[in-house]
>>> print(open('input.txt').read())   # compact mmCIF, N, CA and C atoms
# COMPACT_ATOMS: atom_id res chain seq x y z
N MET A 1 6.41 11.84 15.59
CA MET A 1 7.01 10.84 14.71
C MET A 1 7.21 11.44 13.33
N SER A 2 8.34 11.17 12.73
CA SER A 2 8.63 11.79 11.44
C SER A 2 7.99 11.02 10.29
N ASP A 3 7.88 11.72 9.17
CA ASP A 3 7.30 11.11 7.97
C ASP A 3 8.32 10.22 7.27
N VAL A 4 7.81 9.12 6.71
CA VAL A 4 8.65 8.14 6.02
C VAL A 4 7.94 7.70 4.74
N ARG A 5 8.65 6.92 3.96
CA ARG A 5 8.07 6.28 2.77
C ARG A 5 8.25 4.78 2.93
N ALA A 6 7.22 4.03 2.52
CA ALA A 6 7.32 2.57 2.50
C ALA A 6 7.03 2.10 1.09
N HIS A 7 7.92 1.27 0.56
CA HIS A 7 7.72 0.62 -0.73
C HIS A 7 7.34 -0.82 -0.41
N ILE A 8 6.12 -1.19 -0.80
CA ILE A 8 5.54 -2.47 -0.38
C ILE A 8 5.15 -3.29 -1.61
N VAL A 9 5.53 -4.55 -1.62
CA VAL A 9 5.10 -5.47 -2.68
C VAL A 9 4.34 -6.61 -2.00
N VAL A 10 3.08 -6.77 -2.43
CA VAL A 10 2.19 -7.76 -1.83
C VAL A 10 1.99 -8.92 -2.79
N SER A 11 2.17 -10.14 -2.30
CA SER A 11 1.99 -11.35 -3.10
C SER A 11 0.79 -12.14 -2.58
N GLY A 12 0.24 -12.97 -3.45
CA GLY A 12 -0.89 -13.82 -3.10
C GLY A 12 -1.99 -13.65 -4.13
N ILE A 13 -3.22 -13.85 -3.69
CA ILE A 13 -4.37 -13.62 -4.57
C ILE A 13 -4.79 -12.18 -4.33
N VAL A 14 -4.15 -11.27 -5.09
CA VAL A 14 -4.34 -9.84 -4.86
C VAL A 14 -4.71 -9.08 -6.14
N GLN A 15 -4.88 -9.80 -7.24
CA GLN A 15 -5.33 -9.16 -8.48
C GLN A 15 -6.67 -9.74 -8.88
N GLY A 16 -7.55 -8.85 -9.36
CA GLY A 16 -8.88 -9.28 -9.78
C GLY A 16 -9.84 -9.52 -8.63
N VAL A 17 -9.47 -9.04 -7.43
CA VAL A 17 -10.31 -9.27 -6.24
C VAL A 17 -10.62 -7.96 -5.50
N GLY A 18 -10.34 -6.82 -6.13
CA GLY A 18 -10.63 -5.53 -5.51
C GLY A 18 -9.58 -5.07 -4.51
N TYR A 19 -8.41 -5.71 -4.51
CA TYR A 19 -7.39 -5.37 -3.51
C TYR A 19 -6.85 -3.95 -3.69
N ARG A 20 -6.60 -3.53 -4.93
CA ARG A 20 -6.08 -2.17 -5.14
C ARG A 20 -7.04 -1.12 -4.60
N PHE A 21 -8.35 -1.35 -4.78
CA PHE A 21 -9.31 -0.35 -4.31
C PHE A 21 -9.48 -0.40 -2.80
N PHE A 22 -9.26 -1.57 -2.21
CA PHE A 22 -9.17 -1.69 -0.75
C PHE A 22 -7.99 -0.86 -0.24
N VAL A 23 -6.83 -1.00 -0.91
CA VAL A 23 -5.63 -0.23 -0.55
C VAL A 23 -5.90 1.26 -0.69
N LEU A 24 -6.52 1.65 -1.79
CA LEU A 24 -6.82 3.06 -2.06
C LEU A 24 -7.69 3.65 -0.95
N ARG A 25 -8.78 2.99 -0.61
CA ARG A 25 -9.68 3.49 0.43
C ARG A 25 -8.98 3.59 1.79
N LEU A 26 -8.20 2.57 2.12
CA LEU A 26 -7.49 2.55 3.39
C LEU A 26 -6.46 3.68 3.46
N ALA A 27 -5.68 3.85 2.41
CA ALA A 27 -4.65 4.89 2.39
C ALA A 27 -5.27 6.28 2.50
N ARG A 28 -6.36 6.49 1.79
CA ARG A 28 -7.03 7.80 1.86
C ARG A 28 -7.62 8.05 3.24
N LYS A 29 -8.17 6.99 3.86
CA LYS A 29 -8.72 7.12 5.21
C LYS A 29 -7.63 7.53 6.21
N LEU A 30 -6.43 7.00 6.01
CA LEU A 30 -5.30 7.31 6.89
C LEU A 30 -4.56 8.58 6.46
N GLN A 31 -5.02 9.19 5.38
CA GLN A 31 -4.41 10.41 4.83
C GLN A 31 -2.95 10.21 4.42
N LEU A 32 -2.68 9.02 3.85
CA LEU A 32 -1.36 8.75 3.30
C LEU A 32 -1.34 9.23 1.86
N THR A 33 -0.15 9.45 1.32
CA THR A 33 -0.01 9.81 -0.09
C THR A 33 0.82 8.74 -0.78
N GLY A 34 0.68 8.66 -2.12
CA GLY A 34 1.44 7.68 -2.89
C GLY A 34 0.57 7.04 -3.94
N TRP A 35 0.82 5.74 -4.20
CA TRP A 35 0.09 5.04 -5.25
C TRP A 35 0.08 3.54 -5.01
N VAL A 36 -0.82 2.88 -5.76
CA VAL A 36 -0.91 1.42 -5.77
C VAL A 36 -1.11 0.98 -7.21
N LYS A 37 -0.50 -0.14 -7.60
CA LYS A 37 -0.69 -0.66 -8.96
C LYS A 37 -0.49 -2.16 -9.00
N ASN A 38 -1.11 -2.78 -9.99
CA ASN A 38 -0.87 -4.19 -10.28
C ASN A 38 0.46 -4.31 -11.00
N VAL A 39 1.17 -5.42 -10.74
CA VAL A 39 2.43 -5.71 -11.41
C VAL A 39 2.22 -6.96 -12.26
N TYR A 40 2.92 -7.03 -13.39
CA TYR A 40 2.75 -8.15 -14.33
C TYR A 40 3.00 -9.51 -13.70
N THR A 41 3.70 -9.56 -12.57
CA THR A 41 4.01 -10.81 -11.88
C THR A 41 2.83 -11.35 -11.08
N GLY A 42 1.74 -10.57 -11.03
CA GLY A 42 0.58 -10.97 -10.24
C GLY A 42 0.57 -10.35 -8.85
N GLN A 43 1.59 -9.57 -8.56
CA GLN A 43 1.68 -8.89 -7.26
C GLN A 43 1.04 -7.51 -7.35
N VAL A 44 0.91 -6.86 -6.20
CA VAL A 44 0.47 -5.48 -6.12
C VAL A 44 1.61 -4.70 -5.47
N GLU A 45 1.96 -3.57 -6.09
CA GLU A 45 3.04 -2.71 -5.61
C GLU A 45 2.43 -1.43 -5.04
N ILE A 46 2.96 -1.00 -3.90
CA ILE A 46 2.44 0.18 -3.21
C ILE A 46 3.60 1.07 -2.81
N MET A 47 3.43 2.38 -3.02
CA MET A 47 4.36 3.38 -2.49
C MET A 47 3.52 4.28 -1.59
N ALA A 48 3.84 4.34 -0.33
CA ALA A 48 3.04 5.12 0.62
C ALA A 48 3.94 6.04 1.44
N GLU A 49 3.47 7.27 1.62
CA GLU A 49 4.19 8.22 2.45
C GLU A 49 3.27 8.78 3.53
N GLY A 50 3.84 9.02 4.70
CA GLY A 50 3.09 9.57 5.82
C GLY A 50 3.85 9.30 7.10
N SER A 51 3.18 9.45 8.23
CA SER A 51 3.86 9.20 9.49
C SER A 51 4.12 7.70 9.65
N ARG A 52 5.22 7.37 10.28
CA ARG A 52 5.59 5.96 10.43
C ARG A 52 4.51 5.17 11.15
N GLY A 53 3.91 5.74 12.18
CA GLY A 53 2.87 5.05 12.92
C GLY A 53 1.67 4.71 12.05
N LEU A 54 1.25 5.66 11.22
CA LEU A 54 0.11 5.41 10.33
C LEU A 54 0.46 4.37 9.27
N ILE A 55 1.68 4.43 8.76
CA ILE A 55 2.08 3.44 7.75
C ILE A 55 2.18 2.04 8.37
N GLU A 56 2.65 1.95 9.61
CA GLU A 56 2.70 0.64 10.28
C GLU A 56 1.29 0.07 10.45
N SER A 57 0.33 0.92 10.79
CA SER A 57 -1.06 0.49 10.90
C SER A 57 -1.60 0.05 9.53
N PHE A 58 -1.28 0.82 8.50
CA PHE A 58 -1.64 0.53 7.11
C PHE A 58 -1.13 -0.85 6.72
N ILE A 59 0.14 -1.13 7.03
CA ILE A 59 0.75 -2.42 6.68
C ILE A 59 0.04 -3.58 7.37
N GLN A 60 -0.35 -3.40 8.62
CA GLN A 60 -1.08 -4.47 9.32
C GLN A 60 -2.39 -4.79 8.62
N ASP A 61 -3.11 -3.73 8.19
CA ASP A 61 -4.37 -3.93 7.47
C ASP A 61 -4.14 -4.54 6.09
N LEU A 62 -3.03 -4.19 5.45
CA LEU A 62 -2.71 -4.77 4.14
C LEU A 62 -2.49 -6.27 4.25
N ARG A 63 -1.90 -6.72 5.35
CA ARG A 63 -1.65 -8.16 5.55
C ARG A 63 -2.96 -8.94 5.60
N THR A 64 -3.99 -8.34 6.19
CA THR A 64 -5.30 -8.97 6.28
C THR A 64 -5.99 -8.92 4.92
N GLY A 65 -5.93 -7.77 4.27
CA GLY A 65 -6.55 -7.61 2.95
C GLY A 65 -8.05 -7.48 3.04
N ASN A 66 -8.69 -7.48 1.90
CA ASN A 66 -10.15 -7.44 1.85
C ASN A 66 -10.68 -8.87 1.82
N ALA A 67 -11.99 -9.01 1.81
CA ALA A 67 -12.62 -10.33 1.94
C ALA A 67 -12.22 -11.31 0.85
N ARG A 68 -11.98 -10.84 -0.38
CA ARG A 68 -11.69 -11.75 -1.49
C ARG A 68 -10.20 -11.97 -1.73
N ALA A 69 -9.36 -11.22 -1.07
CA ALA A 69 -7.91 -11.34 -1.27
C ALA A 69 -7.30 -12.33 -0.29
N THR A 70 -6.19 -12.93 -0.70
CA THR A 70 -5.39 -13.77 0.18
C THR A 70 -3.95 -13.32 0.07
N VAL A 71 -3.45 -12.66 1.11
CA VAL A 71 -2.07 -12.18 1.12
C VAL A 71 -1.18 -13.29 1.66
N THR A 72 -0.18 -13.71 0.87
CA THR A 72 0.72 -14.76 1.31
C THR A 72 2.09 -14.23 1.71
N GLU A 73 2.48 -13.09 1.15
CA GLU A 73 3.79 -12.54 1.44
C GLU A 73 3.77 -11.03 1.24
N MET A 74 4.58 -10.32 2.02
CA MET A 74 4.67 -8.89 1.86
C MET A 74 6.11 -8.46 2.09
N ASP A 75 6.64 -7.73 1.13
CA ASP A 75 8.00 -7.19 1.23
C ASP A 75 7.87 -5.69 1.48
N VAL A 76 8.40 -5.22 2.60
CA VAL A 76 8.34 -3.80 2.95
C VAL A 76 9.75 -3.25 3.03
N ARG A 77 10.00 -2.18 2.28
CA ARG A 77 11.28 -1.47 2.35
C ARG A 77 11.01 -0.05 2.82
N TRP A 78 11.64 0.34 3.91
CA TRP A 78 11.50 1.70 4.42
C TRP A 78 12.47 2.60 3.67
N GLU A 79 11.97 3.74 3.24
CA GLU A 79 12.77 4.67 2.45
C GLU A 79 12.62 6.09 3.02
N THR A 80 13.36 7.01 2.44
CA THR A 80 13.31 8.41 2.87
C THR A 80 12.08 9.09 2.30
N PHE A 81 11.38 9.82 3.13
CA PHE A 81 10.19 10.58 2.73
C PHE A 81 10.58 11.58 1.64
N SER A 82 9.75 11.68 0.58
CA SER A 82 10.05 12.62 -0.51
C SER A 82 9.09 13.81 -0.53
N GLY A 83 7.85 13.61 -0.08
CA GLY A 83 6.87 14.68 -0.12
C GLY A 83 6.37 15.01 -1.51
N LYS A 84 6.67 14.15 -2.50
CA LYS A 84 6.31 14.48 -3.88
C LYS A 84 4.88 14.10 -4.27
N TYR A 85 4.20 13.35 -3.44
CA TYR A 85 2.83 12.94 -3.76
C TYR A 85 1.83 13.86 -3.07
N GLN A 86 0.79 14.25 -3.79
CA GLN A 86 -0.22 15.14 -3.23
C GLN A 86 -1.43 14.36 -2.71
N ALA A 87 -1.61 13.16 -3.22
CA ALA A 87 -2.78 12.33 -2.87
C ALA A 87 -2.36 10.87 -2.98
N PHE A 88 -3.33 9.97 -2.79
CA PHE A 88 -3.07 8.53 -2.99
C PHE A 88 -3.96 8.07 -4.11
N ASP A 89 -3.37 7.46 -5.14
CA ASP A 89 -4.11 7.08 -6.34
C ASP A 89 -3.75 5.68 -6.82
N VAL A 90 -4.63 5.13 -7.66
CA VAL A 90 -4.32 3.90 -8.40
C VAL A 90 -3.57 4.35 -9.65
N THR A 91 -2.45 3.71 -9.95
CA THR A 91 -1.70 4.02 -11.16
C THR A 91 -1.54 2.75 -11.98
N PHE A 92 -1.13 2.91 -13.21
CA PHE A 92 -1.02 1.76 -14.12
C PHE A 92 0.33 1.71 -14.77
>>> encode(input="input.txt", output="structure tokens")
Amino acid sequence: MSDVRAHIVVSGIVQGVGYRFFVLRLARKLQLTGWVKNVYTGQVEIMAEGSRGLIESFIQDLRTGNARATVTEMDVRWETFSGKYQAFDVTF
């Protein structure tokens, strides 16, 4: 399976509940690269690169979230893999 990029915007109760660090741990466990950040709208934005199968698994776990988060909506846009990220980090 080829590598892809997913641009994901998560809505719900996802700020102030440890969701970004949940995303960070999950992405690193799956060996994805990219970033996660809070957005001023109250959403969390994620850019993830890796194999499509791993990213699809990642997205399923993102929908569930961590114990304190409530995900109500998720927008996923599939994009072309860039290979520009060396790791997965929280950005601001």
>>> residues_around(input="input.txt", residues="Gln31 (chain A)", least_positions_apart="6", cutoff="8 Å", atoms="all atoms listed in the file", output="ChimeraX atom specification")
/A:25,49-51,87-88
>>> closest_residue(input="input.txt", among="A:Glu73, A:Leu32, A:Met47, A:Leu24", to="Val10 (chain A)", atoms="only N, CA and C atoms")
A:Glu73
>>> select_by_dssp(input="input.txt", residues="region 1-79 of chain A", states="alpha helix (DSSP H)", output="ChimeraX atom specification")
/A:19-29,52-64
>>> write_last_selection(input="input.txt", atoms="N, CA and C atoms", output="PDB file, keeping the file's coordinate frame")
ATOM      1  N   TYR A  19      -8.410  -5.710  -4.510  1.00  0.00           N
ATOM      2  CA  TYR A  19      -7.390  -5.370  -3.510  1.00  0.00           C
ATOM      3  C   TYR A  19      -6.850  -3.950  -3.690  1.00  0.00           C
ATOM      4  N   ARG A  20      -6.600  -3.530  -4.930  1.00  0.00           N
ATOM      5  CA  ARG A  20      -6.080  -2.170  -5.140  1.00  0.00           C
ATOM      6  C   ARG A  20      -7.040  -1.120  -4.600  1.00  0.00           C
ATOM      7  N   PHE A  21      -8.350  -1.350  -4.780  1.00  0.00           N
ATOM      8  CA  PHE A  21      -9.310  -0.350  -4.310  1.00  0.00           C
ATOM      9  C   PHE A  21      -9.480  -0.400  -2.800  1.00  0.00           C
ATOM     10  N   PHE A  22      -9.260  -1.570  -2.210  1.00  0.00           N
ATOM     11  CA  PHE A  22      -9.170  -1.690  -0.750  1.00  0.00           C
ATOM     12  C   PHE A  22      -7.990  -0.860  -0.240  1.00  0.00           C
ATOM     13  N   VAL A  23      -6.830  -1.000  -0.910  1.00  0.00           N
ATOM     14  CA  VAL A  23      -5.630  -0.230  -0.550  1.00  0.00           C
ATOM     15  C   VAL A  23      -5.900   1.260  -0.690  1.00  0.00           C
ATOM     16  N   LEU A  24      -6.520   1.650  -1.790  1.00  0.00           N
ATOM     17  CA  LEU A  24      -6.820   3.060  -2.060  1.00  0.00           C
ATOM     18  C   LEU A  24      -7.690   3.650  -0.950  1.00  0.00           C
ATOM     19  N   ARG A  25      -8.780   2.990  -0.610  1.00  0.00           N
ATOM     20  CA  ARG A  25      -9.680   3.490   0.430  1.00  0.00           C
ATOM     21  C   ARG A  25      -8.980   3.590   1.790  1.00  0.00           C
ATOM     22  N   LEU A  26      -8.200   2.570   2.120  1.00  0.00           N
ATOM     23  CA  LEU A  26      -7.490   2.550   3.390  1.00  0.00           C
ATOM     24  C   LEU A  26      -6.460   3.680   3.460  1.00  0.00           C
ATOM     25  N   ALA A  27      -5.680   3.850   2.410  1.00  0.00           N
ATOM     26  CA  ALA A  27      -4.650   4.890   2.390  1.00  0.00           C
ATOM     27  C   ALA A  27      -5.270   6.280   2.500  1.00  0.00           C
ATOM     28  N   ARG A  28      -6.360   6.490   1.790  1.00  0.00           N
ATOM     29  CA  ARG A  28      -7.030   7.800   1.860  1.00  0.00           C
ATOM     30  C   ARG A  28      -7.620   8.050   3.240  1.00  0.00           C
ATOM     31  N   LYS A  29      -8.170   6.990   3.860  1.00  0.00           N
ATOM     32  CA  LYS A  29      -8.720   7.120   5.210  1.00  0.00           C
ATOM     33  C   LYS A  29      -7.630   7.530   6.210  1.00  0.00           C
ATOM     34  N   ARG A  52       5.220   7.370  10.280  1.00  0.00           N
ATOM     35  CA  ARG A  52       5.590   5.960  10.430  1.00  0.00           C
ATOM     36  C   ARG A  52       4.510   5.170  11.150  1.00  0.00           C
ATOM     37  N   GLY A  53       3.910   5.740  12.180  1.00  0.00           N
ATOM     38  CA  GLY A  53       2.870   5.050  12.920  1.00  0.00           C
ATOM     39  C   GLY A  53       1.670   4.710  12.050  1.00  0.00           C
ATOM     40  N   LEU A  54       1.250   5.660  11.220  1.00  0.00           N
ATOM     41  CA  LEU A  54       0.110   5.410  10.330  1.00  0.00           C
ATOM     42  C   LEU A  54       0.460   4.370   9.270  1.00  0.00           C
ATOM     43  N   ILE A  55       1.680   4.430   8.760  1.00  0.00           N
ATOM     44  CA  ILE A  55       2.080   3.440   7.750  1.00  0.00           C
ATOM     45  C   ILE A  55       2.180   2.040   8.370  1.00  0.00           C
ATOM     46  N   GLU A  56       2.650   1.950   9.610  1.00  0.00           N
ATOM     47  CA  GLU A  56       2.700   0.640  10.280  1.00  0.00           C
ATOM     48  C   GLU A  56       1.290   0.070  10.450  1.00  0.00           C
ATOM     49  N   SER A  57       0.330   0.920  10.790  1.00  0.00           N
ATOM     50  CA  SER A  57      -1.060   0.490  10.900  1.00  0.00           C
ATOM     51  C   SER A  57      -1.600   0.050   9.530  1.00  0.00           C
ATOM     52  N   PHE A  58      -1.280   0.820   8.500  1.00  0.00           N
ATOM     53  CA  PHE A  58      -1.640   0.530   7.110  1.00  0.00           C
ATOM     54  C   PHE A  58      -1.130  -0.850   6.720  1.00  0.00           C
ATOM     55  N   ILE A  59       0.140  -1.130   7.030  1.00  0.00           N
ATOM     56  CA  ILE A  59       0.750  -2.420   6.680  1.00  0.00           C
ATOM     57  C   ILE A  59       0.040  -3.580   7.370  1.00  0.00           C
ATOM     58  N   GLN A  60      -0.350  -3.400   8.620  1.00  0.00           N
ATOM     59  CA  GLN A  60      -1.080  -4.470   9.320  1.00  0.00           C
ATOM     60  C   GLN A  60      -2.390  -4.790   8.620  1.00  0.00           C
ATOM     61  N   ASP A  61      -3.110  -3.730   8.190  1.00  0.00           N
ATOM     62  CA  ASP A  61      -4.370  -3.930   7.470  1.00  0.00           C
ATOM     63  C   ASP A  61      -4.140  -4.540   6.090  1.00  0.00           C
ATOM     64  N   LEU A  62      -3.030  -4.190   5.450  1.00  0.00           N
ATOM     65  CA  LEU A  62      -2.710  -4.770   4.140  1.00  0.00           C
ATOM     66  C   LEU A  62      -2.490  -6.270   4.250  1.00  0.00           C
ATOM     67  N   ARG A  63      -1.900  -6.720   5.350  1.00  0.00           N
ATOM     68  CA  ARG A  63      -1.650  -8.160   5.550  1.00  0.00           C
ATOM     69  C   ARG A  63      -2.960  -8.940   5.600  1.00  0.00           C
ATOM     70  N   THR A  64      -3.990  -8.340   6.190  1.00  0.00           N
ATOM     71  CA  THR A  64      -5.300  -8.970   6.280  1.00  0.00           C
ATOM     72  C   THR A  64      -5.990  -8.920   4.920  1.00  0.00           C
TER      73      THR A  64
END
>>> residues_around(input="input.txt", residues="Leu26 (chain A)", least_positions_apart="5", cutoff="12 Å", atoms="only C-alpha atoms", output="mmCIF file with N, CA and C atoms, in the frame of the given file")
data_model
loop_
_atom_site.group_PDB
_atom_site.id
_atom_site.type_symbol
_atom_site.label_atom_id
_atom_site.label_comp_id
_atom_site.auth_asym_id
_atom_site.auth_seq_id
_atom_site.Cartn_x
_atom_site.Cartn_y
_atom_site.Cartn_z
ATOM 1 N N TYR A 19 -8.410 -5.710 -4.510
ATOM 2 C CA TYR A 19 -7.390 -5.370 -3.510
ATOM 3 C C TYR A 19 -6.850 -3.950 -3.690
ATOM 4 N N ARG A 20 -6.600 -3.530 -4.930
ATOM 5 C CA ARG A 20 -6.080 -2.170 -5.140
ATOM 6 C C ARG A 20 -7.040 -1.120 -4.600
ATOM 7 N N PHE A 21 -8.350 -1.350 -4.780
ATOM 8 C CA PHE A 21 -9.310 -0.350 -4.310
ATOM 9 C C PHE A 21 -9.480 -0.400 -2.800
ATOM 10 N N GLN A 31 -5.020 9.190 5.380
ATOM 11 C CA GLN A 31 -4.410 10.410 4.830
ATOM 12 C C GLN A 31 -2.950 10.210 4.420
ATOM 13 N N LEU A 32 -2.680 9.020 3.850
ATOM 14 C CA LEU A 32 -1.360 8.750 3.300
ATOM 15 C C LEU A 32 -1.340 9.230 1.860
ATOM 16 N N THR A 33 -0.150 9.450 1.320
ATOM 17 C CA THR A 33 -0.010 9.810 -0.090
ATOM 18 C C THR A 33 0.820 8.740 -0.780
ATOM 19 N N TRP A 35 0.820 5.740 -4.200
ATOM 20 C CA TRP A 35 0.090 5.040 -5.250
ATOM 21 C C TRP A 35 0.080 3.540 -5.010
ATOM 22 N N VAL A 36 -0.820 2.880 -5.760
ATOM 23 C CA VAL A 36 -0.910 1.420 -5.770
ATOM 24 C C VAL A 36 -1.110 0.980 -7.210
ATOM 25 N N ALA A 48 3.840 4.340 -0.330
ATOM 26 C CA ALA A 48 3.040 5.120 0.620
ATOM 27 C C ALA A 48 3.940 6.040 1.440
ATOM 28 N N LEU A 54 1.250 5.660 11.220
ATOM 29 C CA LEU A 54 0.110 5.410 10.330
ATOM 30 C C LEU A 54 0.460 4.370 9.270
ATOM 31 N N ILE A 55 1.680 4.430 8.760
ATOM 32 C CA ILE A 55 2.080 3.440 7.750
ATOM 33 C C ILE A 55 2.180 2.040 8.370
ATOM 34 N N SER A 57 0.330 0.920 10.790
ATOM 35 C CA SER A 57 -1.060 0.490 10.900
ATOM 36 C C SER A 57 -1.600 0.050 9.530
ATOM 37 N N PHE A 58 -1.280 0.820 8.500
ATOM 38 C CA PHE A 58 -1.640 0.530 7.110
ATOM 39 C C PHE A 58 -1.130 -0.850 6.720
ATOM 40 N N ILE A 59 0.140 -1.130 7.030
ATOM 41 C CA ILE A 59 0.750 -2.420 6.680
ATOM 42 C C ILE A 59 0.040 -3.580 7.370
ATOM 43 N N GLN A 60 -0.350 -3.400 8.620
ATOM 44 C CA GLN A 60 -1.080 -4.470 9.320
ATOM 45 C C GLN A 60 -2.390 -4.790 8.620
ATOM 46 N N ASP A 61 -3.110 -3.730 8.190
ATOM 47 C CA ASP A 61 -4.370 -3.930 7.470
ATOM 48 C C ASP A 61 -4.140 -4.540 6.090
ATOM 49 N N LEU A 62 -3.030 -4.190 5.450
ATOM 50 C CA LEU A 62 -2.710 -4.770 4.140
ATOM 51 C C LEU A 62 -2.490 -6.270 4.250
ATOM 52 N N GLY A 65 -5.930 -7.770 4.270
ATOM 53 C CA GLY A 65 -6.550 -7.610 2.950
ATOM 54 C C GLY A 65 -8.050 -7.480 3.040
ATOM 55 N N ASN A 66 -8.690 -7.480 1.900
ATOM 56 C CA ASN A 66 -10.150 -7.440 1.850
ATOM 57 C C ASN A 66 -10.680 -8.870 1.820
ATOM 58 N N PHE A 88 -3.330 9.970 -2.790
ATOM 59 C CA PHE A 88 -3.070 8.530 -2.990
ATOM 60 C C PHE A 88 -3.960 8.070 -4.110
ATOM 61 N N ASP A 89 -3.370 7.460 -5.140
ATOM 62 C CA ASP A 89 -4.110 7.080 -6.340
ATOM 63 C C ASP A 89 -3.750 5.680 -6.820
#
>>> select_by_dssp(input="input.txt", residues="chain A", states="strand (DSSP E)", output="ChimeraX atom specification")
/A:3-13,33-38,44-51,70-79,88-90
>>> write_last_selection(input="input.txt", atoms="N, CA and C atoms", output="compact mmCIF listing (two decimals), in the frame of the given file")
# COMPACT_ATOMS: atom_id res chain seq x y z
N ASP A 3 7.88 11.72 9.17
CA ASP A 3 7.30 11.11 7.97
C ASP A 3 8.32 10.22 7.27
N VAL A 4 7.81 9.12 6.71
CA VAL A 4 8.65 8.14 6.02
C VAL A 4 7.94 7.70 4.74
N ARG A 5 8.65 6.92 3.96
CA ARG A 5 8.07 6.28 2.77
C ARG A 5 8.25 4.78 2.93
N ALA A 6 7.22 4.03 2.52
CA ALA A 6 7.32 2.57 2.50
C ALA A 6 7.03 2.10 1.09
N HIS A 7 7.92 1.27 0.56
CA HIS A 7 7.72 0.62 -0.73
C HIS A 7 7.34 -0.82 -0.41
N ILE A 8 6.12 -1.19 -0.80
CA ILE A 8 5.54 -2.47 -0.38
C ILE A 8 5.15 -3.29 -1.61
N VAL A 9 5.53 -4.55 -1.62
CA VAL A 9 5.10 -5.47 -2.68
C VAL A 9 4.34 -6.61 -2.00
N VAL A 10 3.08 -6.77 -2.43
CA VAL A 10 2.19 -7.76 -1.83
C VAL A 10 1.99 -8.92 -2.79
N SER A 11 2.17 -10.14 -2.30
CA SER A 11 1.99 -11.35 -3.10
C SER A 11 0.79 -12.14 -2.58
N GLY A 12 0.24 -12.97 -3.45
CA GLY A 12 -0.89 -13.82 -3.10
C GLY A 12 -1.99 -13.65 -4.13
N ILE A 13 -3.22 -13.85 -3.69
CA ILE A 13 -4.37 -13.62 -4.57
C ILE A 13 -4.79 -12.18 -4.33
N THR A 33 -0.15 9.45 1.32
CA THR A 33 -0.01 9.81 -0.09
C THR A 33 0.82 8.74 -0.78
N GLY A 34 0.68 8.66 -2.12
CA GLY A 34 1.44 7.68 -2.89
C GLY A 34 0.57 7.04 -3.94
N TRP A 35 0.82 5.74 -4.20
CA TRP A 35 0.09 5.04 -5.25
C TRP A 35 0.08 3.54 -5.01
N VAL A 36 -0.82 2.88 -5.76
CA VAL A 36 -0.91 1.42 -5.77
C VAL A 36 -1.11 0.98 -7.21
N LYS A 37 -0.50 -0.14 -7.60
CA LYS A 37 -0.69 -0.66 -8.96
C LYS A 37 -0.49 -2.16 -9.00
N ASN A 38 -1.11 -2.78 -9.99
CA ASN A 38 -0.87 -4.19 -10.28
C ASN A 38 0.46 -4.31 -11.00
N VAL A 44 0.91 -6.86 -6.20
CA VAL A 44 0.47 -5.48 -6.12
C VAL A 44 1.61 -4.70 -5.47
N GLU A 45 1.96 -3.57 -6.09
CA GLU A 45 3.04 -2.71 -5.61
C GLU A 45 2.43 -1.43 -5.04
N ILE A 46 2.96 -1.00 -3.90
CA ILE A 46 2.44 0.18 -3.21
C ILE A 46 3.60 1.07 -2.81
N MET A 47 3.43 2.38 -3.02
CA MET A 47 4.36 3.38 -2.49
C MET A 47 3.52 4.28 -1.59
N ALA A 48 3.84 4.34 -0.33
CA ALA A 48 3.04 5.12 0.62
C ALA A 48 3.94 6.04 1.44
N GLU A 49 3.47 7.27 1.62
CA GLU A 49 4.19 8.22 2.45
C GLU A 49 3.27 8.78 3.53
N GLY A 50 3.84 9.02 4.70
CA GLY A 50 3.09 9.57 5.82
C GLY A 50 3.85 9.30 7.10
N SER A 51 3.18 9.45 8.23
CA SER A 51 3.86 9.20 9.49
C SER A 51 4.12 7.70 9.65
N THR A 70 -6.19 -12.93 -0.70
CA THR A 70 -5.39 -13.77 0.18
C THR A 70 -3.95 -13.32 0.07
N VAL A 71 -3.45 -12.66 1.11
CA VAL A 71 -2.07 -12.18 1.12
C VAL A 71 -1.18 -13.29 1.66
N THR A 72 -0.18 -13.71 0.87
CA THR A 72 0.72 -14.76 1.31
C THR A 72 2.09 -14.23 1.71
N GLU A 73 2.48 -13.09 1.15
CA GLU A 73 3.79 -12.54 1.44
C GLU A 73 3.77 -11.03 1.24
N MET A 74 4.58 -10.32 2.02
CA MET A 74 4.67 -8.89 1.86
C MET A 74 6.11 -8.46 2.09
N ASP A 75 6.64 -7.73 1.13
CA ASP A 75 8.00 -7.19 1.23
C ASP A 75 7.87 -5.69 1.48
N VAL A 76 8.40 -5.22 2.60
CA VAL A 76 8.34 -3.80 2.95
C VAL A 76 9.75 -3.25 3.03
N ARG A 77 10.00 -2.18 2.28
CA ARG A 77 11.28 -1.47 2.35
C ARG A 77 11.01 -0.05 2.82
N TRP A 78 11.64 0.34 3.91
CA TRP A 78 11.50 1.70 4.42
C TRP A 78 12.47 2.60 3.67
N GLU A 79 11.97 3.74 3.24
CA GLU A 79 12.77 4.67 2.45
C GLU A 79 12.62 6.09 3.02
N PHE A 88 -3.33 9.97 -2.79
CA PHE A 88 -3.07 8.53 -2.99
C PHE A 88 -3.96 8.07 -4.11
N ASP A 89 -3.37 7.46 -5.14
CA ASP A 89 -4.11 7.08 -6.34
C ASP A 89 -3.75 5.68 -6.82
N VAL A 90 -4.63 5.13 -7.66
CA VAL A 90 -4.32 3.90 -8.40
C VAL A 90 -3.57 4.35 -9.65
>>> atom_distance(input="input.txt", atom1="atom N of Ser11 (chain A)", atom2="atom C of Asn38 (chain A)")
10.6 Å
>>> axis_aligned_box(input="input.txt", around="region 60-67 of chain A", padding_each_side="3 Å", output="JSON")
{"center_x": -6.5, "center_y": -7.4, "center_z": 5.1, "size_x": 18.3, "size_y": 13.9, "size_z": 14.5}
>>> atom_distance(input="input.txt", atom1="CA of Arg5 (chain A)", atom2="CA of Ala69 (chain A)")
24.1 Å
>>> closest_residue(input="input.txt", among="A:Asp75, A:Gly34, A:Val44, A:Ala67", to="Val90 (chain A)", atoms="all atoms listed in the file")
A:Gly34
>>> closest_residue(input="input.txt", among="A:Val17, A:Ile8, A:Leu30, A:Thr41", to="Thr70 (chain A)", atoms="only N, CA and C atoms")
A:Val17
